[in-house]
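Colleague: I'm passing along model24.cif; it holds mmCIF, all heavy atoms.
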```cif
data_protein
loop_
_atom_site.label_atom_id
_atom_site.label_comp_id
_atom_site.auth_asym_id
_atom_site.auth_seq_id
_atom_site.Cartn_x
_atom_site.Cartn_y
_atom_site.Cartn_z
N MET A 1 -23.54 -15.22 -32.01
CA MET A 1 -23.99 -13.94 -31.52
C MET A 1 -23.43 -13.72 -30.11
O MET A 1 -23.52 -14.61 -29.27
CB MET A 1 -25.52 -13.90 -31.49
CG MET A 1 -26.04 -12.59 -30.98
SD MET A 1 -27.83 -12.43 -30.76
CE MET A 1 -28.50 -13.10 -32.22
N PRO A 2 -22.84 -12.55 -29.84
CA PRO A 2 -22.27 -12.33 -28.50
C PRO A 2 -23.37 -12.23 -27.45
O PRO A 2 -24.46 -11.76 -27.73
CB PRO A 2 -21.52 -11.00 -28.64
CG PRO A 2 -22.14 -10.32 -29.80
CD PRO A 2 -22.64 -11.40 -30.72
N GLN A 3 -23.04 -12.68 -26.27
CA GLN A 3 -23.92 -12.52 -25.12
C GLN A 3 -23.31 -11.46 -24.22
O GLN A 3 -22.09 -11.31 -24.14
CB GLN A 3 -24.09 -13.83 -24.38
CG GLN A 3 -24.83 -14.87 -25.19
CD GLN A 3 -25.14 -16.10 -24.36
OE1 GLN A 3 -24.64 -16.27 -23.25
NE2 GLN A 3 -25.96 -16.97 -24.90
N TRP A 4 -24.16 -10.70 -23.54
CA TRP A 4 -23.72 -9.59 -22.72
C TRP A 4 -24.14 -9.78 -21.27
O TRP A 4 -25.14 -10.41 -20.98
CB TRP A 4 -24.33 -8.28 -23.23
CG TRP A 4 -24.00 -7.99 -24.65
CD1 TRP A 4 -24.76 -8.29 -25.75
CD2 TRP A 4 -22.83 -7.36 -25.15
NE1 TRP A 4 -24.13 -7.88 -26.90
CE2 TRP A 4 -22.94 -7.30 -26.56
CE3 TRP A 4 -21.70 -6.83 -24.56
CZ2 TRP A 4 -21.97 -6.74 -27.37
CZ3 TRP A 4 -20.72 -6.26 -25.37
CH2 TRP A 4 -20.86 -6.22 -26.75
N GLU A 5 -23.35 -9.19 -20.38
CA GLU A 5 -23.79 -9.03 -19.00
C GLU A 5 -23.89 -7.54 -18.74
O GLU A 5 -23.19 -6.74 -19.36
CB GLU A 5 -22.84 -9.73 -18.02
CG GLU A 5 -21.42 -9.22 -18.01
CD GLU A 5 -20.57 -9.96 -16.98
OE1 GLU A 5 -21.09 -10.35 -15.92
OE2 GLU A 5 -19.38 -10.15 -17.24
N TYR A 6 -24.80 -7.17 -17.87
CA TYR A 6 -25.09 -5.76 -17.62
C TYR A 6 -24.92 -5.43 -16.15
O TYR A 6 -25.02 -6.31 -15.29
CB TYR A 6 -26.53 -5.44 -18.05
CG TYR A 6 -26.75 -5.66 -19.52
CD1 TYR A 6 -27.20 -6.88 -20.01
CD2 TYR A 6 -26.49 -4.66 -20.44
CE1 TYR A 6 -27.39 -7.10 -21.36
CE2 TYR A 6 -26.68 -4.86 -21.80
CZ TYR A 6 -27.13 -6.08 -22.25
OH TYR A 6 -27.31 -6.31 -23.58
N MET A 7 -24.67 -4.15 -15.88
CA MET A 7 -24.46 -3.70 -14.52
C MET A 7 -24.91 -2.25 -14.42
O MET A 7 -24.82 -1.50 -15.40
CB MET A 7 -22.97 -3.83 -14.19
CG MET A 7 -22.62 -3.69 -12.74
SD MET A 7 -22.08 -2.05 -12.26
CE MET A 7 -20.78 -1.70 -13.39
N THR A 8 -25.42 -1.88 -13.27
CA THR A 8 -25.74 -0.47 -13.02
C THR A 8 -24.94 -0.01 -11.81
O THR A 8 -24.62 -0.80 -10.92
CB THR A 8 -27.24 -0.26 -12.72
OG1 THR A 8 -27.61 -1.02 -11.57
CG2 THR A 8 -28.10 -0.68 -13.90
N THR A 9 -24.59 1.26 -11.81
CA THR A 9 -23.85 1.83 -10.69
C THR A 9 -24.23 3.30 -10.53
O THR A 9 -24.43 4.00 -11.52
CB THR A 9 -22.33 1.68 -10.89
OG1 THR A 9 -21.65 2.10 -9.70
CG2 THR A 9 -21.82 2.48 -12.05
N PRO A 10 -24.37 3.76 -9.29
CA PRO A 10 -24.62 5.19 -9.08
C PRO A 10 -23.36 5.99 -9.42
O PRO A 10 -22.24 5.50 -9.25
CB PRO A 10 -24.97 5.29 -7.60
CG PRO A 10 -24.37 4.08 -6.97
CD PRO A 10 -24.33 3.02 -8.04
N LEU A 11 -23.57 7.21 -9.89
CA LEU A 11 -22.44 8.09 -10.20
C LEU A 11 -22.44 9.25 -9.22
O LEU A 11 -23.45 9.95 -9.07
CB LEU A 11 -22.55 8.64 -11.63
CG LEU A 11 -22.41 7.61 -12.74
CD1 LEU A 11 -22.63 8.29 -14.09
CD2 LEU A 11 -21.05 6.94 -12.70
N ILE A 12 -21.31 9.45 -8.57
CA ILE A 12 -21.14 10.59 -7.68
C ILE A 12 -20.62 11.73 -8.55
O ILE A 12 -19.57 11.61 -9.18
CB ILE A 12 -20.15 10.25 -6.55
CG1 ILE A 12 -20.68 9.06 -5.75
CG2 ILE A 12 -19.91 11.46 -5.66
CD1 ILE A 12 -19.66 8.45 -4.83
N ILE A 13 -21.37 12.81 -8.61
CA ILE A 13 -21.14 13.86 -9.60
C ILE A 13 -19.72 14.42 -9.57
O ILE A 13 -19.15 14.72 -10.62
CB ILE A 13 -22.21 14.97 -9.49
CG1 ILE A 13 -22.24 15.82 -10.75
CG2 ILE A 13 -21.99 15.82 -8.26
CD1 ILE A 13 -22.80 15.14 -11.95
N HIS A 14 -19.08 14.53 -8.43
CA HIS A 14 -17.74 15.10 -8.37
C HIS A 14 -16.65 14.08 -8.68
O HIS A 14 -15.47 14.43 -8.71
CB HIS A 14 -17.49 15.76 -7.00
CG HIS A 14 -17.41 14.80 -5.87
ND1 HIS A 14 -18.54 14.35 -5.22
CD2 HIS A 14 -16.36 14.18 -5.29
CE1 HIS A 14 -18.17 13.50 -4.29
NE2 HIS A 14 -16.86 13.37 -4.30
N ASN A 15 -17.04 12.81 -8.91
CA ASN A 15 -16.05 11.76 -9.14
C ASN A 15 -16.42 10.88 -10.34
O ASN A 15 -15.97 9.75 -10.43
CB ASN A 15 -15.92 10.91 -7.87
CG ASN A 15 -14.59 10.22 -7.77
OD1 ASN A 15 -13.63 10.61 -8.40
ND2 ASN A 15 -14.54 9.17 -6.97
N THR A 16 -17.22 11.41 -11.24
CA THR A 16 -17.75 10.63 -12.36
C THR A 16 -16.66 10.03 -13.23
O THR A 16 -16.70 8.84 -13.57
CB THR A 16 -18.68 11.51 -13.22
OG1 THR A 16 -19.71 12.03 -12.38
CG2 THR A 16 -19.29 10.75 -14.35
N THR A 17 -15.66 10.81 -13.61
CA THR A 17 -14.61 10.31 -14.49
C THR A 17 -13.86 9.15 -13.86
O THR A 17 -13.63 8.13 -14.52
CB THR A 17 -13.63 11.45 -14.84
OG1 THR A 17 -14.36 12.50 -15.48
CG2 THR A 17 -12.54 10.97 -15.77
N ALA A 18 -13.50 9.25 -12.61
CA ALA A 18 -12.76 8.18 -11.94
C ALA A 18 -13.61 6.92 -11.85
O ALA A 18 -13.10 5.81 -12.06
CB ALA A 18 -12.32 8.63 -10.55
N ILE A 19 -14.89 7.07 -11.55
CA ILE A 19 -15.78 5.91 -11.46
C ILE A 19 -15.88 5.21 -12.81
O ILE A 19 -15.72 3.99 -12.91
CB ILE A 19 -17.18 6.34 -10.96
CG1 ILE A 19 -17.10 6.82 -9.51
CG2 ILE A 19 -18.18 5.19 -11.10
CD1 ILE A 19 -18.35 7.52 -9.01
N LEU A 20 -16.13 5.97 -13.88
CA LEU A 20 -16.27 5.37 -15.21
C LEU A 20 -14.95 4.78 -15.70
O LEU A 20 -14.94 3.72 -16.33
CB LEU A 20 -16.82 6.39 -16.20
CG LEU A 20 -18.27 6.83 -15.93
CD1 LEU A 20 -18.66 7.94 -16.89
CD2 LEU A 20 -19.23 5.66 -16.00
N ASN A 21 -13.83 5.43 -15.42
CA ASN A 21 -12.52 4.88 -15.81
C ASN A 21 -12.25 3.56 -15.08
O ASN A 21 -11.68 2.63 -15.67
CB ASN A 21 -11.40 5.87 -15.52
CG ASN A 21 -11.32 6.96 -16.56
OD1 ASN A 21 -11.77 6.80 -17.69
ND2 ASN A 21 -10.75 8.09 -16.19
N ASN A 22 -12.65 3.47 -13.83
CA ASN A 22 -12.46 2.23 -13.07
C ASN A 22 -13.25 1.08 -13.71
O ASN A 22 -12.71 -0.01 -13.92
CB ASN A 22 -12.90 2.44 -11.62
CG ASN A 22 -12.70 1.20 -10.78
OD1 ASN A 22 -11.63 0.61 -10.77
ND2 ASN A 22 -13.75 0.80 -10.08
N TRP A 23 -14.51 1.31 -14.02
CA TRP A 23 -15.32 0.26 -14.66
C TRP A 23 -14.80 -0.06 -16.06
O TRP A 23 -14.78 -1.21 -16.47
CB TRP A 23 -16.79 0.65 -14.70
CG TRP A 23 -17.42 0.62 -13.34
CD1 TRP A 23 -17.88 1.69 -12.62
CD2 TRP A 23 -17.66 -0.53 -12.52
NE1 TRP A 23 -18.37 1.27 -11.41
CE2 TRP A 23 -18.26 -0.09 -11.32
CE3 TRP A 23 -17.42 -1.88 -12.69
CZ2 TRP A 23 -18.62 -0.96 -10.30
CZ3 TRP A 23 -17.79 -2.76 -11.66
CH2 TRP A 23 -18.38 -2.29 -10.49
N GLY A 24 -14.38 0.96 -16.80
CA GLY A 24 -13.83 0.73 -18.14
C GLY A 24 -12.58 -0.13 -18.11
O GLY A 24 -12.37 -0.97 -18.98
N ALA A 25 -11.74 0.06 -17.10
CA ALA A 25 -10.53 -0.75 -16.96
C ALA A 25 -10.86 -2.22 -16.69
O ALA A 25 -10.04 -3.09 -16.95
CB ALA A 25 -9.66 -0.19 -15.83
N GLN A 26 -12.07 -2.48 -16.22
CA GLN A 26 -12.51 -3.85 -15.96
C GLN A 26 -13.31 -4.43 -17.13
O GLN A 26 -13.91 -5.49 -17.01
CB GLN A 26 -13.35 -3.89 -14.68
CG GLN A 26 -12.58 -3.50 -13.44
CD GLN A 26 -13.45 -3.49 -12.21
OE1 GLN A 26 -14.25 -4.40 -12.00
NE2 GLN A 26 -13.31 -2.47 -11.39
N GLY A 27 -13.32 -3.70 -18.25
CA GLY A 27 -13.96 -4.21 -19.45
C GLY A 27 -15.40 -3.78 -19.66
O GLY A 27 -16.05 -4.21 -20.60
N TRP A 28 -15.92 -2.92 -18.79
CA TRP A 28 -17.30 -2.46 -18.91
C TRP A 28 -17.38 -1.27 -19.87
O TRP A 28 -16.54 -0.38 -19.83
CB TRP A 28 -17.85 -2.05 -17.55
CG TRP A 28 -18.03 -3.21 -16.63
CD1 TRP A 28 -17.15 -3.61 -15.66
CD2 TRP A 28 -19.12 -4.12 -16.58
NE1 TRP A 28 -17.64 -4.73 -15.02
CE2 TRP A 28 -18.86 -5.06 -15.56
CE3 TRP A 28 -20.31 -4.25 -17.30
CZ2 TRP A 28 -19.73 -6.09 -15.25
CZ3 TRP A 28 -21.18 -5.27 -16.98
CH2 TRP A 28 -20.89 -6.18 -15.97
N GLU A 29 -18.40 -1.25 -20.70
CA GLU A 29 -18.65 -0.17 -21.66
C GLU A 29 -19.90 0.58 -21.23
O GLU A 29 -20.95 -0.02 -20.96
CB GLU A 29 -18.87 -0.75 -23.06
CG GLU A 29 -19.19 0.29 -24.10
CD GLU A 29 -19.44 -0.32 -25.47
OE1 GLU A 29 -19.24 -1.53 -25.66
OE2 GLU A 29 -19.86 0.44 -26.34
N LEU A 30 -19.80 1.91 -21.16
CA LEU A 30 -20.93 2.74 -20.79
C LEU A 30 -21.98 2.70 -21.89
O LEU A 30 -21.68 2.93 -23.06
CB LEU A 30 -20.48 4.18 -20.55
CG LEU A 30 -21.57 5.17 -20.14
CD1 LEU A 30 -22.16 4.80 -18.79
CD2 LEU A 30 -20.99 6.58 -20.11
N VAL A 31 -23.23 2.42 -21.51
CA VAL A 31 -24.34 2.37 -22.45
C VAL A 31 -25.17 3.64 -22.33
O VAL A 31 -25.53 4.26 -23.32
CB VAL A 31 -25.22 1.13 -22.22
CG1 VAL A 31 -26.43 1.14 -23.12
CG2 VAL A 31 -24.41 -0.14 -22.41
N GLN A 32 -25.48 4.02 -21.08
CA GLN A 32 -26.38 5.15 -20.87
C GLN A 32 -26.25 5.65 -19.44
O GLN A 32 -25.94 4.89 -18.53
CB GLN A 32 -27.82 4.71 -21.13
CG GLN A 32 -28.84 5.80 -21.05
CD GLN A 32 -30.24 5.29 -21.43
OE1 GLN A 32 -30.50 4.10 -21.37
NE2 GLN A 32 -31.11 6.20 -21.80
N VAL A 33 -26.51 6.95 -19.25
CA VAL A 33 -26.60 7.54 -17.92
C VAL A 33 -28.00 8.15 -17.81
O VAL A 33 -28.43 8.89 -18.70
CB VAL A 33 -25.52 8.63 -17.70
CG1 VAL A 33 -25.71 9.31 -16.35
CG2 VAL A 33 -24.13 8.03 -17.80
N VAL A 34 -28.70 7.80 -16.74
CA VAL A 34 -30.06 8.30 -16.52
C VAL A 34 -30.18 8.83 -15.10
O VAL A 34 -29.35 8.53 -14.24
CB VAL A 34 -31.12 7.22 -16.76
CG1 VAL A 34 -31.08 6.70 -18.19
CG2 VAL A 34 -30.99 6.08 -15.79
N THR A 35 -31.22 9.61 -14.87
CA THR A 35 -31.53 10.06 -13.52
C THR A 35 -32.22 8.93 -12.79
O THR A 35 -33.21 8.36 -13.28
CB THR A 35 -32.45 11.30 -13.56
OG1 THR A 35 -31.80 12.32 -14.31
CG2 THR A 35 -32.74 11.81 -12.17
N GLY A 36 -31.70 8.58 -11.63
CA GLY A 36 -32.26 7.48 -10.84
C GLY A 36 -33.55 7.89 -10.14
O GLY A 36 -33.95 9.06 -10.16
N PRO A 37 -34.20 6.94 -9.50
CA PRO A 37 -35.49 7.21 -8.84
C PRO A 37 -35.40 8.21 -7.70
O PRO A 37 -36.39 8.86 -7.37
CB PRO A 37 -35.94 5.83 -8.35
CG PRO A 37 -34.71 5.00 -8.32
CD PRO A 37 -33.79 5.56 -9.37
N GLU A 38 -34.21 8.35 -7.11
CA GLU A 38 -34.05 9.29 -6.01
C GLU A 38 -33.35 10.57 -6.46
O GLU A 38 -32.93 11.38 -5.64
CB GLU A 38 -33.30 8.63 -4.87
CG GLU A 38 -34.06 7.45 -4.29
CD GLU A 38 -33.31 6.76 -3.18
OE1 GLU A 38 -32.29 7.29 -2.72
OE2 GLU A 38 -33.75 5.67 -2.78
N GLY A 39 -33.17 10.76 -7.77
CA GLY A 39 -32.63 12.00 -8.30
C GLY A 39 -31.17 11.98 -8.69
O GLY A 39 -30.73 12.84 -9.41
N GLY A 40 -30.40 11.01 -8.22
CA GLY A 40 -28.99 10.93 -8.60
C GLY A 40 -28.82 10.32 -9.98
O GLY A 40 -29.77 9.86 -10.60
N LEU A 41 -27.58 10.31 -10.45
CA LEU A 41 -27.29 9.71 -11.75
C LEU A 41 -26.95 8.23 -11.60
O LEU A 41 -26.28 7.83 -10.64
CB LEU A 41 -26.11 10.42 -12.41
CG LEU A 41 -26.33 11.88 -12.77
CD1 LEU A 41 -25.05 12.47 -13.34
CD2 LEU A 41 -27.48 12.03 -13.74
N VAL A 42 -27.42 7.43 -12.56
CA VAL A 42 -27.14 5.99 -12.58
C VAL A 42 -26.57 5.64 -13.94
O VAL A 42 -27.12 6.03 -14.97
CB VAL A 42 -28.43 5.16 -12.33
CG1 VAL A 42 -28.14 3.67 -12.42
CG2 VAL A 42 -29.02 5.51 -10.98
N ALA A 43 -25.45 4.94 -13.96
CA ALA A 43 -24.82 4.50 -15.20
C ALA A 43 -25.20 3.06 -15.48
O ALA A 43 -25.20 2.22 -14.58
CB ALA A 43 -23.30 4.61 -15.09
N TYR A 44 -25.53 2.79 -16.74
CA TYR A 44 -25.79 1.43 -17.22
C TYR A 44 -24.60 1.02 -18.07
O TYR A 44 -24.24 1.73 -19.00
CB TYR A 44 -27.08 1.38 -18.04
CG TYR A 44 -28.32 1.49 -17.19
CD1 TYR A 44 -28.75 2.70 -16.68
CD2 TYR A 44 -29.08 0.36 -16.89
CE1 TYR A 44 -29.88 2.80 -15.89
CE2 TYR A 44 -30.22 0.45 -16.11
CZ TYR A 44 -30.61 1.67 -15.61
OH TYR A 44 -31.73 1.76 -14.83
N LEU A 45 -24.01 -0.12 -17.74
CA LEU A 45 -22.82 -0.60 -18.43
C LEU A 45 -23.03 -2.03 -18.92
O LEU A 45 -23.88 -2.75 -18.40
CB LEU A 45 -21.62 -0.55 -17.49
CG LEU A 45 -21.32 0.85 -16.94
CD1 LEU A 45 -21.67 0.90 -15.47
CD2 LEU A 45 -19.89 1.22 -17.14
N LYS A 46 -22.24 -2.42 -19.93
CA LYS A 46 -22.29 -3.79 -20.44
C LYS A 46 -20.88 -4.24 -20.81
O LYS A 46 -19.99 -3.42 -21.02
CB LYS A 46 -23.19 -3.91 -21.67
CG LYS A 46 -22.62 -3.25 -22.91
CD LYS A 46 -23.52 -3.49 -24.12
CE LYS A 46 -22.86 -2.93 -25.38
NZ LYS A 46 -23.64 -3.19 -26.57
N ARG A 47 -20.70 -5.56 -20.86
CA ARG A 47 -19.46 -6.15 -21.36
C ARG A 47 -19.79 -7.54 -21.87
O ARG A 47 -20.79 -8.15 -21.45
CB ARG A 47 -18.38 -6.19 -20.30
CG ARG A 47 -18.60 -7.15 -19.17
CD ARG A 47 -17.43 -7.11 -18.22
NE ARG A 47 -17.70 -7.94 -17.04
CZ ARG A 47 -16.94 -7.98 -15.98
NH1 ARG A 47 -15.84 -7.25 -15.91
NH2 ARG A 47 -17.26 -8.73 -14.95
N PRO A 48 -18.98 -8.05 -22.79
CA PRO A 48 -19.22 -9.40 -23.29
C PRO A 48 -19.17 -10.41 -22.15
O PRO A 48 -18.30 -10.32 -21.27
CB PRO A 48 -18.08 -9.64 -24.27
CG PRO A 48 -17.61 -8.29 -24.66
CD PRO A 48 -17.82 -7.42 -23.44
N LYS A 49 -20.11 -11.32 -22.16
CA LYS A 49 -20.17 -12.35 -21.14
C LYS A 49 -19.08 -13.38 -21.41
O LYS A 49 -18.89 -13.82 -22.54
CB LYS A 49 -21.54 -13.02 -21.18
CG LYS A 49 -21.87 -13.85 -20.00
CD LYS A 49 -23.33 -14.28 -20.07
CE LYS A 49 -23.73 -14.95 -18.78
NZ LYS A 49 -25.15 -15.33 -18.82
N GLU A 50 -18.34 -13.74 -20.37
CA GLU A 50 -17.29 -14.74 -20.51
C GLU A 50 -17.91 -16.12 -20.65
O GLU A 50 -18.93 -16.40 -20.03
CB GLU A 50 -16.36 -14.71 -19.29
CG GLU A 50 -15.55 -13.44 -19.19
CD GLU A 50 -14.57 -13.48 -18.05
OE1 GLU A 50 -14.24 -14.59 -17.56
OE2 GLU A 50 -14.12 -12.41 -17.63
N ASP A 51 -17.28 -16.96 -21.45
CA ASP A 51 -17.77 -18.34 -21.60
C ASP A 51 -17.63 -19.06 -20.28
O ASP A 51 -16.58 -19.00 -19.63
CB ASP A 51 -16.98 -19.08 -22.68
CG ASP A 51 -17.21 -18.48 -24.06
OD1 ASP A 51 -18.29 -17.89 -24.27
OD2 ASP A 51 -16.31 -18.58 -24.91
N ALA A 52 -18.71 -19.72 -19.88
CA ALA A 52 -18.69 -20.44 -18.59
C ALA A 52 -18.16 -21.85 -18.75
O ALA A 52 -18.13 -22.44 -19.77
CB ALA A 52 -20.09 -20.48 -18.01
#
```
Do you think you could lay out the structure here as structure tokens?

Modeller:
Amino acid sequence: MPQWEYMTTPLIIHNTTAILNNWGAQGWELVQVVTGPEGGLVAYLKRPKEDA
């Protein structure tokens, strides 16, 4: 069964595509975007965990 690592990052509304493309190039897959506690957008990402 694959193991995952997770990460969250704030999204700046005028630069969302560049931010997500940058994380995608590093192997991160977008799972969900939600409104953060202070009103901004937060992206939740995952990628397969590398064998240690």

Colleague: Just checking: using only C-alpha atoms, which residue out of A:Trp4, A:Asp51, A:Gly36, A:Val42 ends up closest to A:Ile19?

Modeller: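 Checking each of A:Trp4, A:Asp51, A:Gly36, A:Val42 against A:Ile19, counting only C-alpha atoms, the winner is A:Val42.
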
Colleague: For the structure provided, state which residues fall under the PyMOL selection byres ((chain A and resi 48) around 5), and present them as a list in words.

Modeller: Gln3, Trp4, Glu5, Gly27, Lys46, Arg47, Lys49 and Glu50 of chain A

Colleague: Counting all atoms listed in the file, which of A:Pro37, A:Ala18, A:Gln26, A:Val31 gets nearest to A:Tyr6?

Modeller: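 Result for the nearest residue to A:Tyr6: A:Val31.
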
Colleague: Taking the file as I've supplied it (selection: the PyMOL selection byres (((chain A and resi 30 and name CA) around 9) and name CA)), which residues are included? Please answer as a short mmCIF file (atom, residue, chain, number, x, y, z; two decimals) with all heavy atoms, in the coordinates of the input.

Modeller:
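The resulting file, out-v3.cif, is reproduced below:
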```
data_model
loop_
_atom_site.label_atom_id
_atom_site.label_comp_id
_atom_site.auth_asym_id
_atom_site.auth_seq_id
_atom_site.Cartn_x
_atom_site.Cartn_y
_atom_site.Cartn_z
N LEU A 20 -16.13 5.97 -13.88
CA LEU A 20 -16.27 5.37 -15.21
C LEU A 20 -14.95 4.78 -15.70
O LEU A 20 -14.94 3.72 -16.33
CB LEU A 20 -16.82 6.39 -16.20
CG LEU A 20 -18.27 6.83 -15.93
CD1 LEU A 20 -18.66 7.94 -16.89
CD2 LEU A 20 -19.23 5.66 -16.00
N TRP A 23 -14.51 1.31 -14.02
CA TRP A 23 -15.32 0.26 -14.66
C TRP A 23 -14.80 -0.06 -16.06
O TRP A 23 -14.78 -1.21 -16.47
CB TRP A 23 -16.79 0.65 -14.70
CG TRP A 23 -17.42 0.62 -13.34
CD1 TRP A 23 -17.88 1.69 -12.62
CD2 TRP A 23 -17.66 -0.53 -12.52
NE1 TRP A 23 -18.37 1.27 -11.41
CE2 TRP A 23 -18.26 -0.09 -11.32
CE3 TRP A 23 -17.42 -1.88 -12.69
CZ2 TRP A 23 -18.62 -0.96 -10.30
CZ3 TRP A 23 -17.79 -2.76 -11.66
CH2 TRP A 23 -18.38 -2.29 -10.49
N GLY A 24 -14.38 0.96 -16.80
CA GLY A 24 -13.83 0.73 -18.14
C GLY A 24 -12.58 -0.13 -18.11
O GLY A 24 -12.37 -0.97 -18.98
N TRP A 28 -15.92 -2.92 -18.79
CA TRP A 28 -17.30 -2.46 -18.91
C TRP A 28 -17.38 -1.27 -19.87
O TRP A 28 -16.54 -0.38 -19.83
CB TRP A 28 -17.85 -2.05 -17.55
CG TRP A 28 -18.03 -3.21 -16.63
CD1 TRP A 28 -17.15 -3.61 -15.66
CD2 TRP A 28 -19.12 -4.12 -16.58
NE1 TRP A 28 -17.64 -4.73 -15.02
CE2 TRP A 28 -18.86 -5.06 -15.56
CE3 TRP A 28 -20.31 -4.25 -17.30
CZ2 TRP A 28 -19.73 -6.09 -15.25
CZ3 TRP A 28 -21.18 -5.27 -16.98
CH2 TRP A 28 -20.89 -6.18 -15.97
N GLU A 29 -18.40 -1.25 -20.70
CA GLU A 29 -18.65 -0.17 -21.66
C GLU A 29 -19.90 0.58 -21.23
O GLU A 29 -20.95 -0.02 -20.96
CB GLU A 29 -18.87 -0.75 -23.06
CG GLU A 29 -19.19 0.29 -24.10
CD GLU A 29 -19.44 -0.32 -25.47
OE1 GLU A 29 -19.24 -1.53 -25.66
OE2 GLU A 29 -19.86 0.44 -26.34
N VAL A 31 -23.23 2.42 -21.51
CA VAL A 31 -24.34 2.37 -22.45
C VAL A 31 -25.17 3.64 -22.33
O VAL A 31 -25.53 4.26 -23.32
CB VAL A 31 -25.22 1.13 -22.22
CG1 VAL A 31 -26.43 1.14 -23.12
CG2 VAL A 31 -24.41 -0.14 -22.41
N GLN A 32 -25.48 4.02 -21.08
CA GLN A 32 -26.38 5.15 -20.87
C GLN A 32 -26.25 5.65 -19.44
O GLN A 32 -25.94 4.89 -18.53
CB GLN A 32 -27.82 4.71 -21.13
CG GLN A 32 -28.84 5.80 -21.05
CD GLN A 32 -30.24 5.29 -21.43
OE1 GLN A 32 -30.50 4.10 -21.37
NE2 GLN A 32 -31.11 6.20 -21.80
N VAL A 33 -26.51 6.95 -19.25
CA VAL A 33 -26.60 7.54 -17.92
C VAL A 33 -28.00 8.15 -17.81
O VAL A 33 -28.43 8.89 -18.70
CB VAL A 33 -25.52 8.63 -17.70
CG1 VAL A 33 -25.71 9.31 -16.35
CG2 VAL A 33 -24.13 8.03 -17.80
N ALA A 43 -25.45 4.94 -13.96
CA ALA A 43 -24.82 4.50 -15.20
C ALA A 43 -25.20 3.06 -15.48
O ALA A 43 -25.20 2.22 -14.58
CB ALA A 43 -23.30 4.61 -15.09
N TYR A 44 -25.53 2.79 -16.74
CA TYR A 44 -25.79 1.43 -17.22
C TYR A 44 -24.60 1.02 -18.07
O TYR A 44 -24.24 1.73 -19.00
CB TYR A 44 -27.08 1.38 -18.04
CG TYR A 44 -28.32 1.49 -17.19
CD1 TYR A 44 -28.75 2.70 -16.68
CD2 TYR A 44 -29.08 0.36 -16.89
CE1 TYR A 44 -29.88 2.80 -15.89
CE2 TYR A 44 -30.22 0.45 -16.11
CZ TYR A 44 -30.61 1.67 -15.61
OH TYR A 44 -31.73 1.76 -14.83
N LEU A 45 -24.01 -0.12 -17.74
CA LEU A 45 -22.82 -0.60 -18.43
C LEU A 45 -23.03 -2.03 -18.92
O LEU A 45 -23.88 -2.75 -18.40
CB LEU A 45 -21.62 -0.55 -17.49
CG LEU A 45 -21.32 0.85 -16.94
CD1 LEU A 45 -21.67 0.90 -15.47
CD2 LEU A 45 -19.89 1.22 -17.14
N LYS A 46 -22.24 -2.42 -19.93
CA LYS A 46 -22.29 -3.79 -20.44
C LYS A 46 -20.88 -4.24 -20.81
O LYS A 46 -19.99 -3.42 -21.02
CB LYS A 46 -23.19 -3.91 -21.67
CG LYS A 46 -22.62 -3.25 -22.91
CD LYS A 46 -23.52 -3.49 -24.12
CE LYS A 46 -22.86 -2.93 -25.38
NZ LYS A 46 -23.64 -3.19 -26.57
#
```

Colleague: Hey, what does DSSP flag as helix (DSSP H, G or I) within chain A? Can you give it to me as an MDAnalysis selection string?

Modeller: chainID A and resid 13:25

Colleague: Using Å and a single decimal, report how far atom C of A:Ala25 sits from atom N of A:Ile12.

Modeller: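 Computing it gives 17.6 Å between the two atoms.
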
Colleague: Could you check how far atom O of A:Met1 sits from atom C of A:Val34, in Å to one decimal?

Modeller: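 Going from atom O of A:Met1 over to atom C of A:Val34 covers 28.2 Å.
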
Colleague: Would you compute the distance between atom O of A:Pro10 and atom CB of A:Asn22? Give it in Å to one decimal.

Modeller: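 These atoms are spaced 10.1 Å apart.
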
Colleague: DSSP on the backbone: what in chain A comes out strand (DSSP E), as a ChimeraX atom specification?

Modeller: /A:4-11,29-35,41-48
